[in-house]
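Okay, structure first, notes after.
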Amino acid sequence: MEKSVKNDHERVRVFYELAIPIIKAYKDYCTNKSFVDFDDLIILTVKLLKNNDDVRDFYRAKFKYLMVDEFQDVNGLQVKLLDLLVKEDSQLFCVGDDWQSIYGFRGSNVDYIVNFESHYKNCEIHKLDVNYRSTQTIVGASNEVIKHNKNQISKEIRAFKEAPTKIDIYRAKRLNLDGVEYLIDKVKELYKRGFGKDDILVLYRRTKMFTPYLDALKANKLFVSCKTIHASKGLEAKAVFIIGLTEGNGGFPDIWLDDAIFRVVKDVKYDILLEEERRLFYVAITRAKDELFLITEIGNESSFVDEIPHHFYTVKKPVFRDDLDQTKKCKDCNDMINIADRFCKSCGAKQL
């Protein structure tokens, strides 16, 4: 609170004046009702083990072998808990991929896996360098993108599948018009080739940006899986579409944690935040098994898309026509649509 009160920006001071009483009321409510939330479970366990030698010794003896999955996503508190359970003769086995560390916004710290040998002495590191999911094109492109990060474990991932493919990049005139139209056309093509709902995955940063695509898919009676990129972690599909690949708000990169409000709690350097954004893009493109479609916008392309070497992709662009002759306003939402469109790409309304 002291730090926020001294902040030069009114919006920061007002935010914490409103937020802190709410947080305090929540904590008081939990205490009164004898409730604990997920964070409390770890906080109270750390406190218990730290302040009670007999309890700590009991659980150290009980758990000689410890395994931590998704180690790239651990935060400081979780590592404290782990350290309290580990002793000289413990066997600690951690599995993780620093290139997929994407939860910095909720406190995870990629340093624990990148510098694992500094945190846990006398350890052995085994690198798994074969990707059994994606084609060589997708793996090669993702390798080239992630190489731009400095804070990482150096490795060269190779693909088990060597089928020759190309990534499709569509540079839309307007994402909500021909960008939507491109996705609809490609999904129809995939359906004709025998792809089903579970074979196609559409990924996006924010749910709101998917709305015109979802409306158009429904209007065309096309059903595909769709997720935010964070929610897609661990998933895969034969064909993956990534929409909204533009610079700035909601796109790539979108350094929203650089906002002064967040920096009061956790002041993270811009380049660290940028590297997490790049890891998020890496996670998105590596969901694809066989085919990958990236939708960006002419003149506002994501800098991450530009990091993919040219030999990995083919570029599709819209055919420019006289807008006055070829477009009209939707009767419901007034967005511009093509004259030939039966449904509005923005709101899904049927046109006369």
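Residues are referred to by chain and number: the chain letter is A, B, ... according to the order shown in the structure tokens, the number counts from 1 in that chain, and ligands are numbered separately from 1 in the order shown.
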Discussion item. Applying 10 Å and only C-alpha atoms, which residues near segment 85-88 of chain A remain after dropping the ones on its own chain fewer than 6 positions away? List them as a list in words.
Written reply: Val46, Leu49, Arg56, Asp57, Phe58, Tyr59, Arg60, Ala61, Lys62, Phe63, Lys64, Tyr65, Leu66 and Val79 of chain A
Take the residues from that selection and write them out as a PDB file, in the first residue's frame, keeping N, CA, C and O atoms.
```pdb
ATOM      1  N   VAL A  46       3.846 -24.328   4.051  1.00  0.00           N
ATOM      2  CA  VAL A  46       5.228 -23.847   4.181  1.00  0.00           C
ATOM      3  C   VAL A  46       5.484 -23.362   5.606  1.00  0.00           C
ATOM      4  O   VAL A  46       6.523 -23.673   6.212  1.00  0.00           O
ATOM      5  N   LEU A  49       5.699 -26.462   8.021  1.00  0.00           N
ATOM      6  CA  LEU A  49       6.943 -27.219   7.900  1.00  0.00           C
ATOM      7  C   LEU A  49       8.156 -26.418   8.376  1.00  0.00           C
ATOM      8  O   LEU A  49       9.092 -26.972   8.971  1.00  0.00           O
ATOM      9  N   ARG A  56       8.151 -31.428   9.891  1.00  0.00           N
ATOM     10  CA  ARG A  56       9.001 -31.435   8.698  1.00  0.00           C
ATOM     11  C   ARG A  56       9.759 -32.760   8.569  1.00  0.00           C
ATOM     12  O   ARG A  56       9.812 -33.355   7.491  1.00  0.00           O
ATOM     13  N   ASP A  57      10.329 -33.232   9.675  1.00  0.00           N
ATOM     14  CA  ASP A  57      11.079 -34.495   9.641  1.00  0.00           C
ATOM     15  C   ASP A  57      10.170 -35.676   9.286  1.00  0.00           C
ATOM     16  O   ASP A  57      10.589 -36.600   8.583  1.00  0.00           O
ATOM     17  N   PHE A  58       8.933 -35.640   9.780  1.00  0.00           N
ATOM     18  CA  PHE A  58       7.988 -36.718   9.484  1.00  0.00           C
ATOM     19  C   PHE A  58       7.729 -36.830   7.979  1.00  0.00           C
ATOM     20  O   PHE A  58       7.781 -37.919   7.398  1.00  0.00           O
ATOM     21  N   TYR A  59       7.463 -35.688   7.342  1.00  0.00           N
ATOM     22  CA  TYR A  59       7.136 -35.720   5.918  1.00  0.00           C
ATOM     23  C   TYR A  59       8.372 -35.916   5.039  1.00  0.00           C
ATOM     24  O   TYR A  59       8.281 -36.471   3.947  1.00  0.00           O
ATOM     25  N   ARG A  60       9.510 -35.460   5.517  1.00  0.00           N
ATOM     26  CA  ARG A  60      10.743 -35.741   4.774  1.00  0.00           C
ATOM     27  C   ARG A  60      11.025 -37.239   4.745  1.00  0.00           C
ATOM     28  O   ARG A  60      11.460 -37.782   3.738  1.00  0.00           O
ATOM     29  N   ALA A  61      10.766 -37.901   5.872  1.00  0.00           N
ATOM     30  CA  ALA A  61      10.975 -39.356   5.931  1.00  0.00           C
ATOM     31  C   ALA A  61       9.914 -40.097   5.124  1.00  0.00           C
ATOM     32  O   ALA A  61      10.181 -41.154   4.548  1.00  0.00           O
ATOM     33  N   LYS A  62       8.725 -39.542   5.076  1.00  0.00           N
ATOM     34  CA  LYS A  62       7.600 -40.186   4.382  1.00  0.00           C
ATOM     35  C   LYS A  62       7.779 -40.147   2.865  1.00  0.00           C
ATOM     36  O   LYS A  62       7.444 -41.097   2.165  1.00  0.00           O
ATOM     37  N   PHE A  63       8.312 -39.025   2.356  1.00  0.00           N
ATOM     38  CA  PHE A  63       8.446 -38.849   0.907  1.00  0.00           C
ATOM     39  C   PHE A  63       9.920 -38.776   0.521  1.00  0.00           C
ATOM     40  O   PHE A  63      10.498 -37.693   0.451  1.00  0.00           O
ATOM     41  N   LYS A  64      10.503 -39.923   0.244  1.00  0.00           N
ATOM     42  CA  LYS A  64      11.900 -39.949  -0.182  1.00  0.00           C
ATOM     43  C   LYS A  64      12.030 -39.621  -1.661  1.00  0.00           C
ATOM     44  O   LYS A  64      13.014 -39.020  -2.104  1.00  0.00           O
ATOM     45  N   TYR A  65      11.044 -40.013  -2.458  1.00  0.00           N
ATOM     46  CA  TYR A  65      11.063 -39.786  -3.901  1.00  0.00           C
ATOM     47  C   TYR A  65      10.022 -38.721  -4.255  1.00  0.00           C
ATOM     48  O   TYR A  65       8.847 -38.880  -3.959  1.00  0.00           O
ATOM     49  N   LEU A  66      10.467 -37.654  -4.880  1.00  0.00           N
ATOM     50  CA  LEU A  66       9.566 -36.551  -5.249  1.00  0.00           C
ATOM     51  C   LEU A  66       9.671 -36.279  -6.741  1.00  0.00           C
ATOM     52  O   LEU A  66      10.773 -36.221  -7.301  1.00  0.00           O
ATOM     53  N   VAL A  79       8.535 -23.601  -4.776  1.00  0.00           N
ATOM     54  CA  VAL A  79       9.914 -24.067  -4.611  1.00  0.00           C
ATOM     55  C   VAL A  79      10.292 -24.103  -3.131  1.00  0.00           C
ATOM     56  O   VAL A  79      11.009 -25.016  -2.694  1.00  0.00           O
TER      57      VAL A  79
END
```
Discussion item. Can you pull out every residue from segment 129-346 of chain A that DSSP, working from the backbone, puts in strand (DSSP E or B), and format the result as a PyMOL selection string?
Written reply: chain A and resi 130-135+158-161+167-172+200-204+225-228+237-242+246+288-297+301+313-316+327-329+336-338+343
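Around Arg206 of chain A, within 9 Å and counting only C-alpha atoms, the residues found are Thr228, Ile229, Gly250 and Gly251 of chain A, once anything fewer than 5 positions away on its own chain is removed.
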How would the residues just chosen look if you wrote them out with N, CA, C and O atoms as a PDB file, in the first residue's frame?
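Listed below is the output, selection.pdb:
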```pdb
ATOM      1  N   THR A 228      -8.304 -20.299 -25.878  1.00  0.00           N
ATOM      2  CA  THR A 228      -7.245 -19.306 -25.716  1.00  0.00           C
ATOM      3  C   THR A 228      -5.931 -20.081 -25.739  1.00  0.00           C
ATOM      4  O   THR A 228      -5.893 -21.284 -25.461  1.00  0.00           O
ATOM      5  N   ILE A 229      -4.850 -19.404 -26.035  1.00  0.00           N
ATOM      6  CA  ILE A 229      -3.561 -20.106 -26.140  1.00  0.00           C
ATOM      7  C   ILE A 229      -3.150 -20.684 -24.796  1.00  0.00           C
ATOM      8  O   ILE A 229      -2.652 -21.812 -24.723  1.00  0.00           O
ATOM      9  N   GLY A 250      -3.783  -7.310 -27.328  1.00  0.00           N
ATOM     10  CA  GLY A 250      -4.433  -8.551 -27.709  1.00  0.00           C
ATOM     11  C   GLY A 250      -3.678  -9.391 -28.704  1.00  0.00           C
ATOM     12  O   GLY A 250      -4.039 -10.526 -28.973  1.00  0.00           O
ATOM     13  N   GLY A 251      -2.606  -8.838 -29.298  1.00  0.00           N
ATOM     14  CA  GLY A 251      -1.854  -9.563 -30.313  1.00  0.00           C
ATOM     15  C   GLY A 251      -0.556 -10.125 -29.772  1.00  0.00           C
ATOM     16  O   GLY A 251      -0.461 -10.548 -28.623  1.00  0.00           O
TER      17      GLY A 251
END
```
Worksheet item: segment 41-114 of chain A: which residues are helix (DSSP H, G or I) by DSSP, as number ranges by chain?
Response: A: 41-51, 53-62, 71-73, 76-85, 98-100, 104-106, 111-114
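Considering the residues A:Leu48, A:Val110, A:Ile285, A:Ile184 and counting only C-alpha atoms, Gln152 of chain A has its shortest atom-to-atom contact with A:Val110.
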Would you mind listing what lies within 12 Å of Ala288 of chain A as a PDB file with C-alpha atoms, in the first residue's frame, with only C-alpha atoms counted and same-chain residues fewer than 3 positions away left out?
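Contents of the output file around_30.pdb:
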```pdb
ATOM      1  CA  ASN A 131       9.312 -33.847 -31.196  1.00  0.00           C
ATOM      2  CA  TYR A 132       6.878 -36.654 -32.056  1.00  0.00           C
ATOM      3  CA  ARG A 133       3.898 -34.343 -32.647  1.00  0.00           C
ATOM      4  CA  SER A 134       4.690 -31.834 -35.366  1.00  0.00           C
ATOM      5  CA  THR A 135       6.210 -31.914 -38.850  1.00  0.00           C
ATOM      6  CA  GLN A 136       9.783 -30.800 -39.460  1.00  0.00           C
ATOM      7  CA  THR A 137       8.500 -27.520 -40.920  1.00  0.00           C
ATOM      8  CA  ILE A 138       6.568 -26.593 -37.768  1.00  0.00           C
ATOM      9  CA  VAL A 139       9.379 -27.735 -35.468  1.00  0.00           C
ATOM     10  CA  ALA A 141       9.960 -22.673 -37.564  1.00  0.00           C
ATOM     11  CA  SER A 142       9.322 -22.840 -33.809  1.00  0.00           C
ATOM     12  CA  THR A 165       4.810 -29.098 -45.521  1.00  0.00           C
ATOM     13  CA  ILE A 167       2.992 -23.012 -42.966  1.00  0.00           C
ATOM     14  CA  ASP A 199      -8.842 -32.330 -35.923  1.00  0.00           C
ATOM     15  CA  ILE A 200      -9.120 -28.528 -36.163  1.00  0.00           C
ATOM     16  CA  LEU A 201      -8.157 -26.088 -33.397  1.00  0.00           C
ATOM     17  CA  VAL A 202      -8.512 -22.293 -33.458  1.00  0.00           C
ATOM     18  CA  LEU A 203      -6.309 -20.372 -31.000  1.00  0.00           C
ATOM     19  CA  SER A 232      -4.458 -24.967 -25.136  1.00  0.00           C
ATOM     20  CA  LYS A 233      -1.359 -26.001 -23.194  1.00  0.00           C
ATOM     21  CA  GLY A 234      -0.926 -29.753 -23.601  1.00  0.00           C
ATOM     22  CA  LEU A 235      -3.413 -30.016 -26.473  1.00  0.00           C
ATOM     23  CA  GLU A 236      -2.779 -30.818 -30.139  1.00  0.00           C
ATOM     24  CA  ALA A 237      -4.656 -30.964 -33.438  1.00  0.00           C
ATOM     25  CA  LYS A 238      -3.927 -31.959 -37.022  1.00  0.00           C
ATOM     26  CA  ALA A 239      -4.669 -28.418 -38.201  1.00  0.00           C
ATOM     27  CA  VAL A 240      -4.255 -25.271 -36.092  1.00  0.00           C
ATOM     28  CA  PHE A 241      -5.335 -21.699 -36.859  1.00  0.00           C
ATOM     29  CA  ILE A 242      -3.852 -18.810 -34.863  1.00  0.00           C
ATOM     30  CA  TYR A 282       5.940 -20.928 -29.436  1.00  0.00           C
ATOM     31  CA  VAL A 283       3.343 -22.888 -27.444  1.00  0.00           C
ATOM     32  CA  ALA A 284       0.642 -21.826 -29.916  1.00  0.00           C
ATOM     33  CA  ILE A 285       2.430 -22.916 -33.091  1.00  0.00           C
ATOM     34  CA  GLU A 291      -0.925 -28.019 -40.792  1.00  0.00           C
ATOM     35  CA  LEU A 292      -0.543 -24.515 -39.380  1.00  0.00           C
ATOM     36  CA  PHE A 293      -2.415 -21.376 -40.480  1.00  0.00           C
ATOM     37  CA  LEU A 294      -1.395 -17.937 -39.185  1.00  0.00           C
TER      38      LEU A 294
END
```
